[in-house]
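Asks: A single structure is presented below for examination.
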Amino acid sequence: MNAEEAVLATAEAIAAGRDTSSDAKQYVSFAAGDEQYAVDIISVREIKGWTDVTSLPNQPDHVRGVLNLRGAVLPIIDLQCRLGGGLTETSPRHVIVIVAVDDRQVGLLVDAVSDILSASDERIQPVPETSGREDARVFSGFLTEEDQMVAMLDLPRLLGSEVLEGALHEQSELQ
Amino acid sequence: MNDFEQFKQTFFDECEELLQQFEDVAGTLKAGSNDPAGLDDMFRSVHSIKAGAGAFKFDRLVKFAHELENVMDRVRSGRMELAEGDPEFIMEAGDVLQDLVAAARGGVEAAAGLEDDALTRLQAMLAGGSAEAAAAEVEKADNEGGAGDFRIDFRPHRAMYETANEPQLLFHALAALGELSAVADLTRLPDLAKMQPDEGYVSWQIDLRGAPDRAAIEEVFEFVDGDCDLTIEPLTSVPASPVEAAVEEAVEAPDAKPVAKAENSGPAAVQSTSIRVELERVDQLVDMVGELVIAQAMALDSLSELVDIRHVKQLQALEDLTMRTRQLQEGVMAVRMQPLKALFQRFPRIVRDLSRKLGKSVRLELDGEATEVDKTIIEELSDPLTHMIRNCMDHGLETPEERQAAGKPEQGVVRLSAEHRNGRILIRVSDDGRGLNPEKVFNKAVENGLIDADAELSKEEIEALIFMPGFSTAAEISDVSGRGVGMDVVRRNIQKLGGRVTVESNEGEGSTFTLALPLTLAVLDGMLVSVAGERYVVPLSAIVETVCPEASAIRALPDGGTVMPLRGEAIRLIDLCQSMNLSRHGQPEPLRKLAVIVETEFGRRIGLVVDELLGQQQVVIKSLEANYRRIEGVAGTAILGDGRVRLILDIDGLAAMAGRNSDVSPKSGDTAKSEEATGGLSA
């Protein structure tokens with residue numbers, strides 16, 4: 001069983017015990033700084049412990065570097081730092097959540113994986129209109145779970161500026 | 001997939017090749033006489049498609065192919081000459097054929113009337129030529145003596161049976177041509193115990209009376225050509241009984257025949273020795289070997305403590321393994337190498353179509369089509385090359401009137417050539433058109449805000465401006481090449497392949513664009529260096545030498561950079577620690593600086609200042625862009641023996657960065673030139 005299947009199996013087990021509605025989706029939630037975040041379980045490819053990365057020159061602080069994942073080179077984004085917090089002080093207990101967006105794989109550095117949540121779309125509250133800052137749009141909604149607000153990450157928006165920009169460039173304009 | 005579907009699939013795959021073959025030659029056709037070998041190829045392509053299509057009952061395809069085949073047959077046998085406009089039509093007919101094949105492949109009915117026009121013209125061609133043809137046929141028959149009576153010696157080889165050809169069917173086809181009598185020669189049949197069931201032991205002597213002509217007989221054997229010994233001779237002295245004669249011959253001279261056969265076996269030896277493999281499988285193999293190289297490097301790394309006289313045997317074994325791994329890798333990479341022909345052969349058609357559209361007469365010259373390049377590169381080259389050739393024809397070449405006025409031949413020439421040089425491949429696209437007007441280019445660049453009006457640029461630097469984003473010389477956008485896409489996109493696509501593009505131009509004489517590309521995107525010989533605790537890979541091909549300059553010899557420049565002397569030349573130094581924005585965390589700098597002298601694409605030498613050289617290593621290139629974006633100064637990444645990712649430095653990119661950081665005006669010509677120089681690698 002690979003990591004993805006393991007996560008899915010766990011999710012199913014949890015979902016079976018907790019969820020009542022049939023159209024519920026599963027989310028992987030994790031902690032970064034003092035906050036809880038979640039992404040759709042479908043986009044999670046793998047979860048692995050922190051290892052040293054190779055840093056890249058002249059990149060934003062939240063791009064921690066690149067990592068070799070079975071022959072593929074992935075960028076690692078420090079989630080806390082990306083969302084305006086400080087750089088994460090890494091330790092072997094930190095976790096990299098590898099997510100896939102538009103055929104690209106990216107690692108998110110987080111403190112720990114918290115839970116597998118199961119929620120139907122109605123339970124996800126929209127993000128309140130705020131100052132309209134671009135940063136607010138990296139959340140697609142909030143889920144309240146046991147008195148805690150879990151922010152749903154909009155991965156294309158979160159990663160867009162660095163990771164997906166390259167993808168757009170690669171589409172040849174010559175055709 | 002059942003067997004039938006499998007056969008169908010194979011048929012369509014073959015069709016693709018056959019159509020390509022057809023188009024290849026079609027592109028070279030001209031009115032009047034043509035190369036007979038090429039015509040034969042075309043005829044055979046259509047014939048094979050027709051035969052296959054018949055088996056699968058694609059009736060429309062069969063009908064069209066049949067008419068086209070008839071026309072091609074007349075042309076190749078010299079019974080019909082191509083008139084003005086016919087070559088273009090035959091190319092169009094090839095398109096129709098392709099559309100019909102595509103429809104059949106997709107399992108859909110082709111648009112009604114798709115082939116009607118072409119079909120009518122083909123039939124008209126056949127009808128027009130028939131009078132002459134009939135005359136020619138009679139003449140031919142006369143020449144060959146005998147009123148259409150032939151003796152055919154037919155000895156099938158094993159290969160013929162292997163390709164599922166059945167002699168009986170050939171006999172049926174022959175019988176349809178005239179009165180047939182055949183004798184089998186069984187003398188070569190061995191004892192049953194020794195008999196190979198799939199060997200061809202039997203040969204036949206066939207007498208055919210009243211056949212239309214030799215060509216008709218040859219056509220019957222068209223498919224088994226090369227897989228059998230075949231002689232067709234006019235039957236002049238008719239023996240009393242062909243059966244007797246044959247038997248006599250067979251009995252009397254059983255030994256004579258094999259000798260004759262040996263002389264004849266030339267064409268039979270020409271057998272296809274290639275196989276069809278899905279690209280994905282090759283890629284998997286390449287990946288696996290890539291991993292193997294990494295694993296082998298890891299093993300070498302971890303066993304490096306064995307370097308000791310007591311372990312000579314182990315070390316030798318390790319060295320052996322290293323060598324073989326490398327050979328294996330080279331072998332696997334070679335599988336991916338393909339001649340550029342597959343790419344180049346698209347261009348005659350593009351040029352022909354475009355010259356008609358532009359009203360310019362253009363000749364395309366191709367050279368070096370046999371040059372082999374990694375398949376991935378070939379695929380990625382298609383768009384940029386097409387664009388460049390269009391550009392040459394649209395903007396480079398003048399109109400026929402302008403050319404006449406300039407005293408040039410009316411027909412313009414676009415040349416596409418390829419060659420290997422220094423482990424790279426050079427592809428040139430040149431034209432003999434008007435060339436770049438430096439003044440115009442300069443003004444345009446100023447107008448578009450790319451440079452300052454008072455910038456002082458050399459001719460080369462001005463020419464390089466055309467690669468800058470936002471630059472387009474076409475006064476108005478034409479539908480041929482000016483869709484708001486410029487040479488900057490060409491440059492970016494070439495850079496993505498780890499290549500560079502440069503232009504050289506003489507006003508009034510034409511321009512030459514040169515693409516320099518790596519042979520393969522997968523591996524690189526690198527030198528591992530360390531600086532401030534980080535490790536980087538420097539492409540070995542760029543390294544000239546390594547020197548340890550005296551601290552006192554290094555001089556500061558007013559712009560903050562430093563230079564050192566090297567045999568009379570002032571070499572600019574680039575501090576890697578600074579370029580890569582590394583901090584030494586309080587660790588002291590090494591006492592003595594080490595400068596790796598590298599050469600940029602333009603032959604300029606610079607020195608990379610590093611702490612230590614760690615050794616030479618072949619690395620498997622991994623794209624950074626697959627999951628991230630391009631970074632200036634970084635050509636790509638490599639996974640080393642310790643499993644960690646290391647960055648491969650882009651020398652020209654680093655030079656550009658250093659040049660920019662120390663330059664007062666960011667808009668100076670140096671930027672334009674160094675912009676031009678940045679390159680990247682991606683696997």
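We label chains A, B, ... in the order they appear in the structure tokens, count residues from 1 in each chain, and number ligands from 1 in the order shown.
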Would you mind writing down, as an NGL selection string, each residue of region 56-151 of chain A that DSSP on the backbone assigns to strand (DSSP E)?

Replies: :A and (63-69 or 72-78 or 95-101 or 104-110 or 112-119 or 139-145 or 148-151)

Asks: Take the residues from that selection and write them out as a short mmCIF file (atom, residue, chain, number, x, y, z; two decimals), in the first residue's frame, keeping N, CA and C atoms.

Replies:
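Output below, filename selection-v6.cif:
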data_model
loop_
_atom_site.label_atom_id
_atom_site.label_comp_id
_atom_site.auth_asym_id
_atom_site.auth_seq_id
_atom_site.Cartn_x
_atom_site.Cartn_y
_atom_site.Cartn_z
N VAL A 63 9.91 30.10 -0.37
CA VAL A 63 10.36 28.97 -1.18
C VAL A 63 11.62 28.42 -0.51
N ARG A 64 11.44 27.31 0.22
CA ARG A 64 12.54 26.82 1.03
C ARG A 64 13.63 26.16 0.20
N GLY A 65 13.24 25.65 -0.97
CA GLY A 65 14.23 24.97 -1.80
C GLY A 65 13.59 23.86 -2.58
N VAL A 66 14.42 22.94 -3.05
CA VAL A 66 13.89 21.82 -3.81
C VAL A 66 14.32 20.50 -3.18
N LEU A 67 13.52 19.48 -3.47
CA LEU A 67 13.71 18.17 -2.87
C LEU A 67 13.61 17.11 -3.96
N ASN A 68 14.36 16.04 -3.81
CA ASN A 68 14.26 14.92 -4.73
C ASN A 68 13.21 13.94 -4.21
N LEU A 69 12.13 13.81 -4.95
CA LEU A 69 11.13 12.81 -4.56
C LEU A 69 11.10 11.76 -5.65
N ALA A 72 11.93 13.04 -9.07
CA ALA A 72 11.35 14.32 -9.49
C ALA A 72 11.83 15.41 -8.54
N VAL A 73 12.04 16.59 -9.07
CA VAL A 73 12.52 17.69 -8.25
C VAL A 73 11.34 18.61 -7.93
N LEU A 74 10.99 18.70 -6.65
CA LEU A 74 9.83 19.50 -6.25
C LEU A 74 10.23 20.70 -5.41
N PRO A 75 9.54 21.81 -5.60
CA PRO A 75 9.79 22.94 -4.72
C PRO A 75 9.06 22.74 -3.39
N ILE A 76 9.64 23.25 -2.32
CA ILE A 76 9.02 23.14 -1.01
C ILE A 76 8.64 24.55 -0.53
N ILE A 77 7.35 24.72 -0.25
CA ILE A 77 6.85 26.03 0.16
C ILE A 77 6.58 26.01 1.67
N ASP A 78 7.12 27.00 2.35
CA ASP A 78 6.90 27.14 3.79
C ASP A 78 5.53 27.80 3.96
N VAL A 95 6.65 18.29 8.83
CA VAL A 95 6.09 17.40 7.81
C VAL A 95 5.97 18.14 6.48
N ILE A 96 6.20 17.41 5.40
CA ILE A 96 5.97 17.98 4.07
C ILE A 96 4.76 17.27 3.47
N VAL A 97 3.75 18.06 3.14
CA VAL A 97 2.55 17.51 2.48
C VAL A 97 2.73 17.76 0.99
N ILE A 98 2.82 16.67 0.24
CA ILE A 98 3.02 16.85 -1.20
C ILE A 98 1.68 16.88 -1.91
N VAL A 99 1.42 17.99 -2.57
CA VAL A 99 0.15 18.17 -3.25
C VAL A 99 0.38 18.31 -4.75
N ALA A 100 -0.65 17.97 -5.51
CA ALA A 100 -0.56 18.09 -6.97
C ALA A 100 -1.53 19.16 -7.43
N VAL A 101 -1.04 20.05 -8.24
CA VAL A 101 -1.87 21.11 -8.83
C VAL A 101 -1.53 21.17 -10.31
N ARG A 104 1.46 19.51 -11.62
CA ARG A 104 2.71 19.87 -10.98
C ARG A 104 2.65 19.42 -9.53
N GLN A 105 3.80 19.04 -8.98
CA GLN A 105 3.82 18.60 -7.59
C GLN A 105 4.63 19.59 -6.76
N VAL A 106 4.08 19.87 -5.59
CA VAL A 106 4.69 20.85 -4.72
C VAL A 106 4.62 20.32 -3.30
N GLY A 107 5.65 20.59 -2.51
CA GLY A 107 5.61 20.19 -1.11
C GLY A 107 5.27 21.39 -0.23
N LEU A 108 4.34 21.20 0.71
CA LEU A 108 4.02 22.26 1.67
C LEU A 108 4.65 21.89 3.00
N LEU A 109 5.49 22.78 3.51
CA LEU A 109 6.09 22.53 4.82
C LEU A 109 5.10 22.98 5.90
N VAL A 110 4.69 22.04 6.76
CA VAL A 110 3.76 22.37 7.84
C VAL A 110 4.29 21.78 9.15
N ALA A 112 2.53 19.87 11.45
CA ALA A 112 2.08 18.49 11.63
C ALA A 112 0.77 18.28 10.90
N VAL A 113 0.52 17.04 10.50
CA VAL A 113 -0.79 16.72 9.93
C VAL A 113 -1.74 16.49 11.09
N SER A 114 -2.94 17.10 11.06
CA SER A 114 -3.84 17.03 12.21
C SER A 114 -4.87 15.92 12.09
N ASP A 115 -5.56 15.90 10.98
CA ASP A 115 -6.73 15.05 10.94
C ASP A 115 -7.17 14.85 9.50
N ILE A 116 -8.11 13.93 9.35
CA ILE A 116 -8.79 13.84 8.07
C ILE A 116 -10.22 14.26 8.34
N LEU A 117 -10.66 15.32 7.68
CA LEU A 117 -11.99 15.85 7.93
C LEU A 117 -12.93 15.40 6.82
N SER A 118 -14.18 15.29 7.19
CA SER A 118 -15.17 14.93 6.20
C SER A 118 -16.28 15.96 6.30
N ALA A 119 -16.54 16.64 5.19
CA ALA A 119 -17.55 17.69 5.26
C ALA A 119 -18.23 17.84 3.93
N PHE A 139 -7.62 31.45 0.47
CA PHE A 139 -8.56 30.56 1.18
C PHE A 139 -9.82 30.44 0.34
N SER A 140 -10.31 29.22 0.24
CA SER A 140 -11.55 29.06 -0.52
C SER A 140 -12.75 29.00 0.41
N GLY A 141 -12.50 28.89 1.71
CA GLY A 141 -13.62 28.86 2.66
C GLY A 141 -13.14 28.42 4.04
N PHE A 142 -14.06 28.42 5.00
CA PHE A 142 -13.72 27.98 6.36
C PHE A 142 -14.64 26.84 6.78
N LEU A 143 -14.07 25.95 7.54
CA LEU A 143 -14.86 24.86 8.08
C LEU A 143 -14.69 24.92 9.60
N THR A 144 -15.82 24.96 10.30
CA THR A 144 -15.70 25.00 11.76
C THR A 144 -15.78 23.57 12.28
N GLU A 145 -14.75 23.16 12.95
CA GLU A 145 -14.65 21.79 13.43
C GLU A 145 -14.26 21.83 14.90
N GLN A 148 -12.98 25.01 16.22
CA GLN A 148 -11.79 25.58 15.59
C GLN A 148 -12.08 25.85 14.12
N MET A 149 -11.61 27.02 13.67
CA MET A 149 -11.79 27.37 12.26
C MET A 149 -10.66 26.78 11.44
N VAL A 150 -11.02 25.98 10.46
CA VAL A 150 -10.01 25.42 9.57
C VAL A 150 -10.13 26.14 8.23
N ALA A 151 -9.02 26.71 7.79
CA ALA A 151 -9.05 27.44 6.52
C ALA A 151 -8.79 26.48 5.37
#

Asks: As a ChimeraX atom specification, please: every residue in region 347-394 of chain B that DSSP puts in helix (DSSP H, G or I).

Replies: /B:347-358,375-394

Asks: Given the selection you just returned, output its residues as a file containing C-alpha atoms, formatted as a short mmCIF file (atom, residue, chain, number, x, y, z; two decimals), in the first residue's frame.

Replies:
data_model
loop_
_atom_site.label_atom_id
_atom_site.label_comp_id
_atom_site.auth_asym_id
_atom_site.auth_seq_id
_atom_site.Cartn_x
_atom_site.Cartn_y
_atom_site.Cartn_z
CA PHE B 347 9.34 22.08 -44.51
CA PRO B 348 9.24 21.67 -48.31
CA ARG B 349 5.49 21.64 -48.03
CA ILE B 350 5.32 24.59 -45.67
CA VAL B 351 7.61 26.57 -47.95
CA ARG B 352 5.62 25.64 -51.01
CA ASP B 353 2.29 26.59 -49.46
CA LEU B 354 3.66 29.79 -48.07
CA SER B 355 5.43 30.92 -51.21
CA ARG B 356 2.14 30.68 -53.05
CA LYS B 357 0.41 32.65 -50.34
CA LEU B 358 3.06 35.36 -50.26
CA LYS B 375 13.74 12.77 -30.12
CA THR B 376 12.46 15.17 -27.47
CA ILE B 377 14.55 17.92 -28.96
CA ILE B 378 13.29 17.16 -32.43
CA GLU B 379 9.71 17.48 -31.27
CA GLU B 380 10.38 20.72 -29.49
CA LEU B 381 12.15 22.17 -32.50
CA SER B 382 9.21 21.91 -34.82
CA ASP B 383 7.45 25.11 -33.75
CA PRO B 384 10.47 27.38 -33.49
CA LEU B 385 11.87 26.22 -36.82
CA THR B 386 8.54 26.62 -38.56
CA HIS B 387 8.31 30.08 -37.14
CA MET B 388 11.81 31.00 -38.22
CA ILE B 389 11.30 29.74 -41.74
CA ARG B 390 8.04 31.65 -42.01
CA ASN B 391 9.83 34.68 -40.69
CA CYS B 392 12.58 34.33 -43.30
CA MET B 393 10.05 34.03 -46.09
CA ASP B 394 7.74 36.77 -44.89
#

Asks: Considering only C-alpha atoms, tabulate each residue of chain B that lies at most 9 Å from chain A along with its nearest interatomic pair and the corresponding distance in Å to one decimal; arrange the rows by chain and ascending residue number and present them as CSV.

Replies:
residue,atom,partner,partner_atom,distance
B:Asp287,CA,A:Gly71,CA,8.6
B:Gly290,CA,A:Gly71,CA,9.0
B:Glu291,CA,A:Gly71,CA,7.5
B:Asp383,CA,A:Leu174,CA,6.0
B:Pro384,CA,A:Leu174,CA,7.1
B:Thr386,CA,A:Leu174,CA,8.9
B:His387,CA,A:Leu174,CA,7.2
B:Val485,CA,A:Leu174,CA,7.0
B:Gly486,CA,A:Leu174,CA,8.9
B:Val489,CA,A:Glu173,CA,7.0
B:Val490,CA,A:Leu174,CA,7.8
B:Asn493,CA,A:Ser172,CA,7.4
B:Lys496,CA,A:Glu170,CA,8.5
B:Glu534,CA,A:Thr54,CA,8.4
B:Ser579,CA,A:Pro57,CA,7.8
B:Met580,CA,A:Pro57,CA,4.8
B:Asn581,CA,A:Pro57,CA,6.0
B:Leu582,CA,A:Pro57,CA,7.8
B:Lys622,CA,A:Val73,CA,6.9
B:Ser623,CA,A:Val73,CA,7.3
B:Leu624,CA,A:Val73,CA,6.5
B:Glu625,CA,A:Gly166,CA,6.4
B:Ala626,CA,A:Arg104,CA,6.9
B:Asn627,CA,A:Arg104,CA,5.0
B:Tyr628,CA,A:Val163,CA,4.7
B:Arg629,CA,A:Gly166,CA,4.5
B:Arg630,CA,A:Gly166,CA,7.0
B:Ile631,CA,A:Pro57,CA,7.8
B:Glu632,CA,A:Pro57,CA,8.5
B:Gly633,CA,A:Pro57,CA,8.6
B:Val634,CA,A:Pro57,CA,8.6
B:Thr637,CA,A:Val73,CA,7.8
B:Ala638,CA,A:Val73,CA,8.7
B:Ile639,CA,A:Asn68,CA,7.1
B:Gly643,CA,A:Asn68,CA,7.0
B:Arg644,CA,A:Asn68,CA,6.3
B:Val645,CA,A:Asn68,CA,5.9
B:Arg646,CA,A:Thr54,CA,6.7
B:Leu647,CA,A:Leu56,CA,8.0

Asks: Take the residues that were just selected and, keeping C-alpha atoms, output them as a CSV table (one decimal), in the first residue's frame.

Replies:
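The result, stored in again-v4.csv:
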chain,number,residue,atom,x,y,z
B,287,ASP,CA,14.6,6.9,-16.6
B,290,GLY,CA,19.2,7.4,-15.1
B,291,GLU,CA,18.3,6.0,-11.7
B,383,ASP,CA,7.4,25.1,-33.8
B,384,PRO,CA,10.5,27.4,-33.5
B,386,THR,CA,8.5,26.6,-38.6
B,387,HIS,CA,8.3,30.1,-37.1
B,485,VAL,CA,4.6,36.5,-31.5
B,486,GLY,CA,8.2,37.4,-32.1
B,489,VAL,CA,9.2,33.2,-28.1
B,490,VAL,CA,11.6,31.3,-30.4
B,493,ASN,CA,11.6,27.8,-26.6
B,496,LYS,CA,14.0,25.7,-22.6
B,534,GLU,CA,26.6,24.6,-0.8
B,579,SER,CA,25.6,35.5,-7.1
B,580,MET,CA,23.8,32.7,-5.2
B,581,ASN,CA,23.1,35.0,-2.3
B,582,LEU,CA,24.7,32.7,0.2
B,622,LYS,CA,16.2,17.0,-14.0
B,623,SER,CA,14.1,19.9,-15.0
B,624,LEU,CA,13.4,22.6,-12.4
B,625,GLU,CA,10.6,23.8,-14.5
B,626,ALA,CA,8.6,20.6,-14.3
B,627,ASN,CA,7.4,21.6,-10.9
B,628,TYR,CA,8.7,25.1,-10.5
B,629,ARG,CA,9.9,28.0,-12.6
B,630,ARG,CA,13.2,29.0,-14.3
B,631,ILE,CA,15.7,30.7,-12.1
B,632,GLU,CA,18.3,33.0,-13.5
B,633,GLY,CA,21.8,31.6,-13.3
B,634,VAL,CA,20.5,28.0,-13.0
B,637,THR,CA,19.1,20.4,-11.4
B,638,ALA,CA,20.8,17.1,-10.9
B,639,ILE,CA,20.3,14.4,-8.4
B,643,GLY,CA,20.3,11.5,-3.3
B,644,ARG,CA,20.2,15.3,-2.9
B,645,VAL,CA,19.3,17.8,-5.5
B,646,ARG,CA,22.1,20.1,-6.8
B,647,LEU,CA,21.8,23.0,-9.0

Asks: Gly499 (chain B): which residues within 7 Å, counting only C-alpha atoms, same-chain residues fewer than 6 positions away excluded, as a CSV table (one decimal) with N, CA and C atoms, in the first residue's frame?

Replies:
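Written file, out_22.csv:
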chain,number,residue,atom,x,y,z
B,515,LEU,N,20.9,28.0,-34.3
B,515,LEU,CA,20.5,27.4,-33.1
B,515,LEU,C,21.6,26.4,-32.6
B,516,ALA,N,22.1,26.6,-31.4
B,516,ALA,CA,23.0,25.7,-30.8
B,516,ALA,C,22.3,24.9,-29.7
B,517,LEU,N,22.2,23.6,-29.9
B,517,LEU,CA,21.5,22.8,-28.9
B,517,LEU,C,22.3,21.6,-28.4
B,518,PRO,N,22.0,21.2,-27.2
B,518,PRO,CA,22.6,20.0,-26.7
B,518,PRO,C,22.1,18.8,-27.4
B,679,GLY,N,20.5,30.9,-20.8
B,679,GLY,CA,20.0,29.7,-21.3
B,679,GLY,C,19.6,28.7,-20.2

Asks: I'd like the interatomic distance between CA of Asp227 (chain B) and CA of Asp40 (chain B), to a tenth of an Å.

Replies: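 Computed distance, CA of Asp227 (chain B) to CA of Asp40 (chain B), equals 17.4 Å.
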
Asks: Just want the 7 Å neighbourhood of region 71-78 of chain B, counted on only C-alpha atoms, with same-chain residues fewer than 3 positions away dropped. Output as a JSON list (two decimals) with N, CA and C atoms, in the first residue's frame.

Replies:
[["chain", "number", "residue", "atom", "x", "y", "z"],
["B", 36, "PRO", "N", 13.06, 8.46, -60.95],
["B", 36, "PRO", "CA", 12.24, 7.24, -61.02],
["B", 36, "PRO", "C", 12.14, 6.52, -59.69],
["B", 39, "LEU", "N", 9.47, 8.10, -57.62],
["B", 39, "LEU", "CA", 8.14, 7.80, -58.15],
["B", 39, "LEU", "C", 7.73, 6.38, -57.78],
["B", 40, "ASP", "N", 8.70, 5.48, -57.85],
["B", 40, "ASP", "CA", 8.43, 4.11, -57.44],
["B", 40, "ASP", "C", 7.95, 4.07, -55.99],
["B", 43, "PHE", "N", 4.44, 5.35, -55.73],
["B", 43, "PHE", "CA", 3.49, 4.37, -56.23],
["B", 43, "PHE", "C", 3.29, 3.26, -55.21],
["B", 67, "GLU", "N", -7.34, 5.10, -57.92],
["B", 67, "GLU", "CA", -7.15, 6.07, -59.01],
["B", 67, "GLU", "C", -5.78, 6.74, -58.91],
["B", 68, "LEU", "N", -5.43, 7.10, -57.68],
["B", 68, "LEU", "CA", -4.14, 7.77, -57.47],
["B", 68, "LEU", "C", -3.00, 6.83, -57.87],
["B", 81, "GLU", "N", 3.40, 12.32, -68.39],
["B", 81, "GLU", "CA", 4.31, 13.33, -67.87],
["B", 81, "GLU", "C", 3.53, 14.31, -67.03],
["B", 122, "LEU", "N", -8.07, 13.15, -61.14],
["B", 122, "LEU", "CA", -7.25, 11.96, -61.37],
["B", 122, "LEU", "C", -7.78, 11.20, -62.59],
["B", 126, "LEU", "N", -6.04, 10.36, -66.19],
["B", 126, "LEU", "CA", -5.92, 9.01, -66.76],
["B", 126, "LEU", "C", -6.50, 8.99, -68.17]]

Asks: B:Thr28, B:Gln618, B:Thr546, B:Gln578: which is nearest Glu599 (chain B), counting only C-alpha atoms?

Replies: B:Thr546

Asks: Suppose you want the space between CA of Pro126 (chain A) and CA of Ala38 (chain A); what is it in Å?

Replies: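 Computing it gives 14.4 Å between the two atoms.
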